[in-house]
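Student: Can you read through this structure? Questions will come right after.
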Amino acid sequence: MKTSPRVAARLLPLAALGLLLAGPAAAQDLLIRGGPIYTGVDGAPAAAEAVLVRDGRIAWVGALADLPQVGDDVPVVDLKGAALFPGFTDGHAHLDGIGWRELTLNLEGSASVAEAMARLSDWAASHPDGVIVGRGWIETHWPEGRFLNRHDLDAAAPGRVVVLSRADGHALVASTAALQAAGVTAETQAPFGGEIHREEDGAPTGLLIDAAMETVARLMPQEDAAAKREAYRAGFRVEAAYGWTGLHFMSAPWSDIPLLEAMAEADEAPLRIYNAITPDGARDLIAQGPRSVADGRIITRAIKLYADGALGSRGAALHEPYADAPHTRGLMQTTEEEILPIYREALRGGIQVATHAIGDRGNSEVLNWYLEAMREVQPDERKVRDPRWRIEHAQILRPRDEMLFAGLGVIPSMQPSHAIGDLHFAPARLGDARLDGAYAWHSLVDLGLPVVGGSDAPVERGDPLIEFYAAVARRDLNGFQGPDWRPNEAVDRATALKMFTLWPAYASFREAELGTIEVGKRADLTAFSIDLMTVPAAEIPKGHAVLTVVDGEIVYRRED
């Protein structure tokens, strides 16, 4: 599949800056110096001066005065003052969605309904045929103060089948033509776990929440293998340029796992991918057991499940009604009867479980289900005694549930940028009292839990510097925090570094090989133009990646 003119135009500025976005530079041996090097090792000196890589692994790290003899054949990378860290890993992202964001209509950053619809009109004019698919709109800051509806889409792209997903992926808006093609009418009942927004006469507005999105799913183009491969290539390119050396691919389509493995075998997967697959492949994966190719470049050993929806679309399941919508407590996406058998089988089969839960009720239910499964399947019956199960997002928690995380050893996998985006609407959704357990990174770390940091891209931009900033500043990119936004839940910089290095390694059972710069570990390294450990917090998002190294191979280098 050829890159569209729109995509090419978006990539040109990167090329103009001299960015190397092609395949990895095949250098298994490297000497990196010229800037502060943070090893991430507790108790180590603040910063080393050089690191030596041999055969893709760390051979030495320390002061230049102690550097062992290095042959002239070893390539030398001069950081020119940039700061080097253990490889940053995105603990929760959607690689396919990141790629498709580059190849389809991107509504990210739209400042209003009018701007979003202007982008749709332009896209429709330049793409006169086929279904229009897009993503990235979010209404919480729009002056119109409302969701999109089918009438907006109909005016911008008359007669076209249009499906535009909200940024969080838990809601979409469909045009009238799309609703008609899918047979969605005033008589259509929302499925369990879903909601169809309606006009006064009962006709659908076009906004479909969570499980109701399935009513139009068959309209989405069925992309062929070549198109999927192009999307994954785009995703790899974007992530490498941000400085990620790997990512935990949440909701990885089970049908795409062979493609990703083939790409790795063909040296087309420059980053390290840890897959948590869609539920349709759960029983197959449990029966087969974990799988890995290309010396661990692609590992598949987890299942991603859903408990509830998202806070922005009021799909997150709460114990008490929404403060700004007393008629609803959100939407559960599954039941105990449906999910417990999968949990039990996963324990016996040695497969990790990662369950999406955002609301306090969603988290409570998942923790109770985890407890029940672990009671029924005792450690001596499990293939892996320490299953390291995860809850993805863990956004709104009751204090008693924070303690249950610790008691069960459940890993909270959280995305700091959600807190600096949601601060503009979460207080209205939740009311003040529930903010005590919202985005509570510091509280969970204090309980001894490894909080895995991620971005949830393409829900968020996916820049590790924005995520790091959000974790340590707990302010939006303009410096705004708002009253009572629980500033005590920010973390210090050493903790934030672990959130994106050592703790994702632990959550993927690879802390012995990844997560710190230590002799013997794999040479996954990230360098940024700024020193994350010393610059003023407000300067952190202004930096950029300059070097991304995976297994000693340079997969991205910024020449300027």
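The way I read the labels, and the way they are meant: chains A, B, ... in the order of the structure tokens, residue 1 as the first residue of every chain, and ligand 1 as the first ligand shown, with later ones counted on from there.
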Please extract the residues of segment 445-545 of chain A with a backbone DSSP assignment of helix (DSSP H, G or I) and present them as a PyMOL selection string.
Tutor: chain A and resi 445-446+464-473+487-489+493-499+502-507+537-542
Student: What's the 10 Å shell around Leu311 of chain A, counting only C-alpha atoms, without same-chain residues fewer than 6 positions away, as a list in words?
Tutor: Asp168, His170, Ala317, Leu318, Tyr322, Gly330, Ile358, Gly359, Gln395, Ile396, Asp422, Phe425, Ala426, Arg429 and Leu430 of chain A
Student: Can you write out as a Markdown table which residues of segment 277-297 of chain A fall within 12 Å of segment 382-394 of chain A, alongside each residue's closest atom pair and its distance in Å to one decimal, counting only C-alpha atoms and ordering rows by chain and ascending residue number?
Tutor:
| residue | atom | partner | partner_atom | distance |
| --- | --- | --- | --- | --- |
| A:Ile286 | CA | A:Lys383 | CA | 10.8 |
| A:Gly289 | CA | A:Lys383 | CA | 9.8 |
| A:Pro290 | CA | A:Lys383 | CA | 11.2 |
Student: Would you output that residue set with N, CA and C atoms, as an mmCIF file, in the first residue's frame?
Tutor:
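Contents of the output file again-v4.cif:
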data_model
loop_
_atom_site.group_PDB
_atom_site.id
_atom_site.type_symbol
_atom_site.label_atom_id
_atom_site.label_comp_id
_atom_site.auth_asym_id
_atom_site.auth_seq_id
_atom_site.Cartn_x
_atom_site.Cartn_y
_atom_site.Cartn_z
ATOM 1 N N ILE A 286 -3.877 -19.770 25.515
ATOM 2 C CA ILE A 286 -3.756 -20.558 26.734
ATOM 3 C C ILE A 286 -3.367 -21.995 26.396
ATOM 4 N N GLY A 289 0.341 -21.797 24.941
ATOM 5 C CA GLY A 289 1.347 -21.241 25.832
ATOM 6 C C GLY A 289 2.015 -20.024 25.212
ATOM 7 N N PRO A 290 2.829 -19.312 25.990
ATOM 8 C CA PRO A 290 3.514 -18.118 25.475
ATOM 9 C C PRO A 290 4.321 -18.436 24.226
#
Student: Run DSSP on the backbone and tell me which residues of segment 75-269 of chain A come out as strand (DSSP E or B); list them as a PDB file with C-alpha atoms, in the first residue's frame.
Tutor:
ATOM      1  CA  VAL A  76      31.445   5.679  18.630  1.00  0.00           C
ATOM      2  CA  VAL A  77      28.296   7.714  19.257  1.00  0.00           C
ATOM      3  CA  ASP A  78      28.853  11.216  20.628  1.00  0.00           C
ATOM      4  CA  ALA A  83      21.243  12.412  28.229  1.00  0.00           C
ATOM      5  CA  LEU A  84      21.133   8.610  27.901  1.00  0.00           C
ATOM      6  CA  PHE A  85      18.741   6.345  29.787  1.00  0.00           C
ATOM      7  CA  PRO A  86      17.714   2.708  29.843  1.00  0.00           C
ATOM      8  CA  PHE A  88      12.022   3.684  27.442  1.00  0.00           C
ATOM      9  CA  THR A  89       9.150   1.223  27.099  1.00  0.00           C
ATOM     10  CA  ASP A  90       5.545   2.259  26.552  1.00  0.00           C
ATOM     11  CA  GLY A  91       3.703   0.006  29.001  1.00  0.00           C
ATOM     12  CA  HIS A  92       0.320   0.433  27.297  1.00  0.00           C
ATOM     13  CA  ALA A  93      -0.121   1.378  23.648  1.00  0.00           C
ATOM     14  CA  LEU A 105      -8.240  10.921   8.983  1.00  0.00           C
ATOM     15  CA  ASN A 106      -6.622  12.256  12.152  1.00  0.00           C
ATOM     16  CA  ILE A 132     -14.270   7.414   5.658  1.00  0.00           C
ATOM     17  CA  VAL A 133     -12.662   6.259   8.881  1.00  0.00           C
ATOM     18  CA  GLY A 134     -11.055   8.591  11.395  1.00  0.00           C
ATOM     19  CA  ARG A 135     -10.149   9.014  15.031  1.00  0.00           C
ATOM     20  CA  GLY A 136      -8.956  11.490  17.612  1.00  0.00           C
ATOM     21  CA  TRP A 137     -11.781  13.941  18.348  1.00  0.00           C
ATOM     22  CA  VAL A 162     -18.395   8.115   7.869  1.00  0.00           C
ATOM     23  CA  VAL A 163     -17.269   6.535  11.147  1.00  0.00           C
ATOM     24  CA  LEU A 164     -15.195   8.723  13.489  1.00  0.00           C
ATOM     25  CA  SER A 165     -13.918   7.290  16.769  1.00  0.00           C
ATOM     26  CA  ARG A 166     -13.537   9.449  19.854  1.00  0.00           C
ATOM     27  CA  ALA A 171     -17.231   5.937  21.530  1.00  0.00           C
ATOM     28  CA  LEU A 172     -17.753   6.786  17.882  1.00  0.00           C
ATOM     29  CA  VAL A 173     -20.046   8.896  15.780  1.00  0.00           C
ATOM     30  CA  ALA A 174     -21.559   7.559  12.551  1.00  0.00           C
ATOM     31  CA  GLY A 194     -23.310  -0.253  25.202  1.00  0.00           C
ATOM     32  CA  GLU A 195     -25.428   2.839  24.740  1.00  0.00           C
ATOM     33  CA  ILE A 196     -27.041   4.464  21.707  1.00  0.00           C
ATOM     34  CA  HIS A 197     -27.565   8.199  22.160  1.00  0.00           C
ATOM     35  CA  ARG A 198     -30.945   9.287  20.849  1.00  0.00           C
ATOM     36  CA  PRO A 204     -30.068   7.689  16.948  1.00  0.00           C
ATOM     37  CA  THR A 205     -27.900  10.793  17.136  1.00  0.00           C
ATOM     38  CA  GLY A 206     -25.055   8.790  15.624  1.00  0.00           C
ATOM     39  CA  LEU A 207     -23.108   8.577  18.899  1.00  0.00           C
ATOM     40  CA  LEU A 208     -22.478   4.973  19.936  1.00  0.00           C
ATOM     41  CA  ILE A 209     -20.817   4.119  23.262  1.00  0.00           C
ATOM     42  CA  ASP A 210     -18.639   1.046  23.958  1.00  0.00           C
ATOM     43  CA  TRP A 244      10.553   4.155  22.651  1.00  0.00           C
ATOM     44  CA  THR A 245      12.626   0.987  22.446  1.00  0.00           C
ATOM     45  CA  GLY A 246       9.577  -1.188  23.000  1.00  0.00           C
ATOM     46  CA  LEU A 247       5.920  -1.213  23.835  1.00  0.00           C
ATOM     47  CA  HIS A 248       3.329  -3.411  25.443  1.00  0.00           C
ATOM     48  CA  PHE A 249       0.807  -3.815  22.628  1.00  0.00           C
ATOM     49  CA  MET A 250      -2.610  -3.873  24.278  1.00  0.00           C
ATOM     50  CA  SER A 251      -5.492  -5.514  22.406  1.00  0.00           C
ATOM     51  CA  ALA A 252      -3.109  -6.868  19.801  1.00  0.00           C
TER      52      ALA A 252
END
Student: For Leu31 of chain A, please output as an mmCIF file with C-alpha atoms, in the first residue's frame all residues within 12 Å (counting only C-alpha atoms; exclusion window: fewer than 5 positions along the same chain).
Tutor:
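Heads up, here's the output in part.cif:
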data_model
loop_
_atom_site.group_PDB
_atom_site.id
_atom_site.type_symbol
_atom_site.label_atom_id
_atom_site.label_comp_id
_atom_site.auth_asym_id
_atom_site.auth_seq_id
_atom_site.Cartn_x
_atom_site.Cartn_y
_atom_site.Cartn_z
ATOM 1 C CA GLU A 49 30.140 8.908 31.364
ATOM 2 C CA ALA A 50 30.249 6.067 28.847
ATOM 3 C CA VAL A 51 28.649 2.746 28.002
ATOM 4 C CA LEU A 52 30.168 0.001 25.876
ATOM 5 C CA VAL A 53 27.980 -2.434 23.942
ATOM 6 C CA ARG A 54 29.218 -5.818 22.704
ATOM 7 C CA ASP A 55 27.067 -8.203 20.673
ATOM 8 C CA GLY A 56 23.936 -6.292 21.560
ATOM 9 C CA ARG A 57 24.472 -6.364 25.324
ATOM 10 C CA ILE A 58 25.939 -3.978 27.877
ATOM 11 C CA ALA A 59 29.620 -4.893 28.292
ATOM 12 C CA TRP A 60 30.734 -2.008 30.489
ATOM 13 C CA VAL A 61 29.417 1.252 31.958
ATOM 14 C CA GLY A 62 31.240 3.819 34.066
ATOM 15 C CA LEU A 64 35.734 7.553 30.990
ATOM 16 C CA LEU A 67 37.089 2.761 30.074
ATOM 17 C CA PRO A 68 38.704 -0.514 28.934
ATOM 18 C CA GLN A 69 40.652 -0.742 25.679
ATOM 19 C CA VAL A 70 38.315 -0.391 22.702
ATOM 20 C CA GLY A 71 39.309 -1.248 19.163
ATOM 21 C CA ASP A 72 39.117 1.202 16.276
ATOM 22 C CA ASP A 73 36.423 -0.963 14.691
ATOM 23 C CA VAL A 74 33.843 -0.120 17.384
ATOM 24 C CA PRO A 75 31.527 2.708 16.267
ATOM 25 C CA VAL A 76 31.445 5.679 18.630
ATOM 26 C CA VAL A 77 28.296 7.714 19.257
ATOM 27 C CA ASP A 78 28.853 11.216 20.628
ATOM 28 C CA LEU A 79 25.769 12.304 22.571
ATOM 29 C CA ALA A 523 21.472 -2.839 25.077
ATOM 30 C CA VAL A 549 18.970 1.710 20.367
ATOM 31 C CA GLY A 552 22.762 -2.564 20.265
ATOM 32 C CA GLU A 553 21.257 -1.535 16.908
ATOM 33 C CA ILE A 554 20.562 2.115 16.201
#
Student: Any idea what's packed within 9 Å of Ala323 of chain A, counting only C-alpha atoms, ignoring anything in its chain fewer than 3 positions away? Could you give it as a list of chain:residue names?
Tutor: A:Glu320, A:Pro326, A:Pro427, A:Ala428, A:Arg429, A:Leu430, A:Gly431
Student: For the residues in that selection, give me N, CA and C atoms as a compact mmCIF listing (two decimals), in the first residue's frame.
Tutor:
# COMPACT_ATOMS: atom_id res chain seq x y z
N GLU A 320 -21.15 4.92 42.56
CA GLU A 320 -22.21 5.92 42.71
C GLU A 320 -22.38 6.67 41.40
N PRO A 326 -26.46 12.27 36.93
CA PRO A 326 -26.95 11.38 37.99
C PRO A 326 -27.76 10.19 37.50
N PRO A 427 -13.07 16.34 37.52
CA PRO A 427 -13.74 16.82 38.73
C PRO A 427 -15.25 16.94 38.56
N ALA A 428 -15.70 17.35 37.39
CA ALA A 428 -17.14 17.44 37.15
C ALA A 428 -17.77 16.06 37.08
N ARG A 429 -17.09 15.11 36.45
CA ARG A 429 -17.62 13.75 36.34
C ARG A 429 -17.71 13.08 37.71
N LEU A 430 -16.69 13.29 38.56
CA LEU A 430 -16.54 12.50 39.77
C LEU A 430 -16.97 13.21 41.04
N GLY A 431 -16.89 14.54 41.08
CA GLY A 431 -17.04 15.25 42.34
C GLY A 431 -15.74 15.17 43.12
Student: Hey, what's within 8 Å of Arg297 of chain A if we count only C-alpha atoms and toss same-chain stuff fewer than 6 positions away? As a list of chain:residue names, please?
Tutor: A:Ala264, A:Ala269, A:Leu271, A:Arg272, A:Ile273
Student: Could you write out the selected residues, including all heavy atoms, as a PDB file, in the first residue's frame?
Tutor:
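File produced: part.pdb:
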ATOM      1  N   ALA A 264       9.155  -9.501  12.288  1.00  0.00           N
ATOM      2  CA  ALA A 264      10.358  -9.604  13.119  1.00  0.00           C
ATOM      3  C   ALA A 264      11.390 -10.519  12.467  1.00  0.00           C
ATOM      4  O   ALA A 264      12.589 -10.203  12.439  1.00  0.00           O
ATOM      5  CB  ALA A 264       9.990 -10.119  14.510  1.00  0.00           C
ATOM      6  N   ALA A 269      10.790  -5.377  12.292  1.00  0.00           N
ATOM      7  CA  ALA A 269      10.244  -4.975  13.587  1.00  0.00           C
ATOM      8  C   ALA A 269      11.380  -4.408  14.430  1.00  0.00           C
ATOM      9  O   ALA A 269      12.031  -5.130  15.187  1.00  0.00           O
ATOM     10  CB  ALA A 269       9.594  -6.164  14.286  1.00  0.00           C
ATOM     11  N   LEU A 271      11.476  -2.481  17.003  1.00  0.00           N
ATOM     12  CA  LEU A 271      11.264  -2.316  18.436  1.00  0.00           C
ATOM     13  C   LEU A 271      10.845  -3.630  19.085  1.00  0.00           C
ATOM     14  O   LEU A 271      10.424  -4.572  18.412  1.00  0.00           O
ATOM     15  CB  LEU A 271      10.199  -1.253  18.701  1.00  0.00           C
ATOM     16  CG  LEU A 271      10.421   0.108  18.046  1.00  0.00           C
ATOM     17  CD1 LEU A 271       9.353   1.088  18.492  1.00  0.00           C
ATOM     18  CD2 LEU A 271      11.808   0.654  18.356  1.00  0.00           C
ATOM     19  N   ARG A 272      10.929  -3.667  20.395  1.00  0.00           N
ATOM     20  CA  ARG A 272      10.566  -4.849  21.165  1.00  0.00           C
ATOM     21  C   ARG A 272       9.080  -4.773  21.502  1.00  0.00           C
ATOM     22  O   ARG A 272       8.621  -3.807  22.115  1.00  0.00           O
ATOM     23  CB  ARG A 272      11.406  -4.870  22.443  1.00  0.00           C
ATOM     24  CG  ARG A 272      11.554  -6.214  23.095  1.00  0.00           C
ATOM     25  CD  ARG A 272      12.467  -6.137  24.291  1.00  0.00           C
ATOM     26  NE  ARG A 272      13.826  -5.689  23.997  1.00  0.00           N
ATOM     27  CZ  ARG A 272      14.740  -6.420  23.375  1.00  0.00           C
ATOM     28  NH1 ARG A 272      14.445  -7.641  22.969  1.00  0.00           N
ATOM     29  NH2 ARG A 272      15.952  -5.940  23.151  1.00  0.00           N
ATOM     30  N   ILE A 273       8.328  -5.806  21.134  1.00  0.00           N
ATOM     31  CA  ILE A 273       6.878  -5.790  21.309  1.00  0.00           C
ATOM     32  C   ILE A 273       6.447  -6.924  22.236  1.00  0.00           C
ATOM     33  O   ILE A 273       6.806  -8.082  22.032  1.00  0.00           O
ATOM     34  CB  ILE A 273       6.140  -5.936  19.958  1.00  0.00           C
ATOM     35  CG1 ILE A 273       6.604  -4.855  18.969  1.00  0.00           C
ATOM     36  CG2 ILE A 273       4.629  -5.872  20.164  1.00  0.00           C
ATOM     37  CD1 ILE A 273       6.348  -3.438  19.421  1.00  0.00           C
TER      38      ILE A 273
END
Student: Quick one: residues within 10 Å of Val546 of chain A, only C-alpha atoms, excluding same-chain residues fewer than 4 positions away - as JSON, numbers by chain?
Tutor: {"A": [19, 79, 82, 83, 84, 241, 242, 243, 526, 527, 528, 529, 530, 556, 557, 558, 559, 560]}
Student: Between A:Val161, A:Ile517, A:Met533, A:Leu525, which has the minimum distance to Met220 of chain A (counting only C-alpha atoms)?
Tutor: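 For Met220 of chain A, the nearest of the given residues is A:Val161.
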Student: What does the distance between atom CA of Arg329 of chain A and atom CA of Val451 of chain A come to in Å, to one decimal place?
Tutor: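 Distance between the two atoms: 26.9 Å.
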Student: From the options A:Glu337, A:Met332, A:Gly87, A:Ala225, which residue's atoms come nearest to Tyr38 of chain A, counting only C-alpha atoms?
Tutor: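 The answer is A:Gly87, which sits nearest to Tyr38 of chain A.
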Student: Looking at only C-alpha atoms, which of A:Ala354, A:Ala240, A:Ala118, A:Ile37 is the one that sits closest to Thr516 of chain A?
Tutor: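 The answer is A:Ile37, which sits nearest to Thr516 of chain A.
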Student: I want to know what sits within 7 Å of segment 179-184 of chain A, based on only C-alpha atoms, with residues of the same chain fewer than 3 positions away left out; could you give that as a list in words?
Tutor: Ala174, Ser175, Thr176, Thr188, Thr215 and Val216 of chain A
Student: For atom CA of Leu219 of chain A and atom CA of Gly202 of chain A, determine how far apart the two atoms are, in Å to one decimal place.
Tutor: 22.7 Å
Student: Report the distance between atom CA of Glu402 of chain A and atom CA of Gly43 of chain A in Å, rounded to one decimal place.
Tutor: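 It comes out at 28.3 Å.
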Student: Which one is closest to Ala282 of chain A: A:Glu345, A:Asp484, A:Asp154, A:Glu513? Count only C-alpha atoms.
Tutor: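 Checking each of A:Glu345, A:Asp484, A:Asp154, A:Glu513 against Ala282 of chain A, counting only C-alpha atoms, the winner is A:Glu345.
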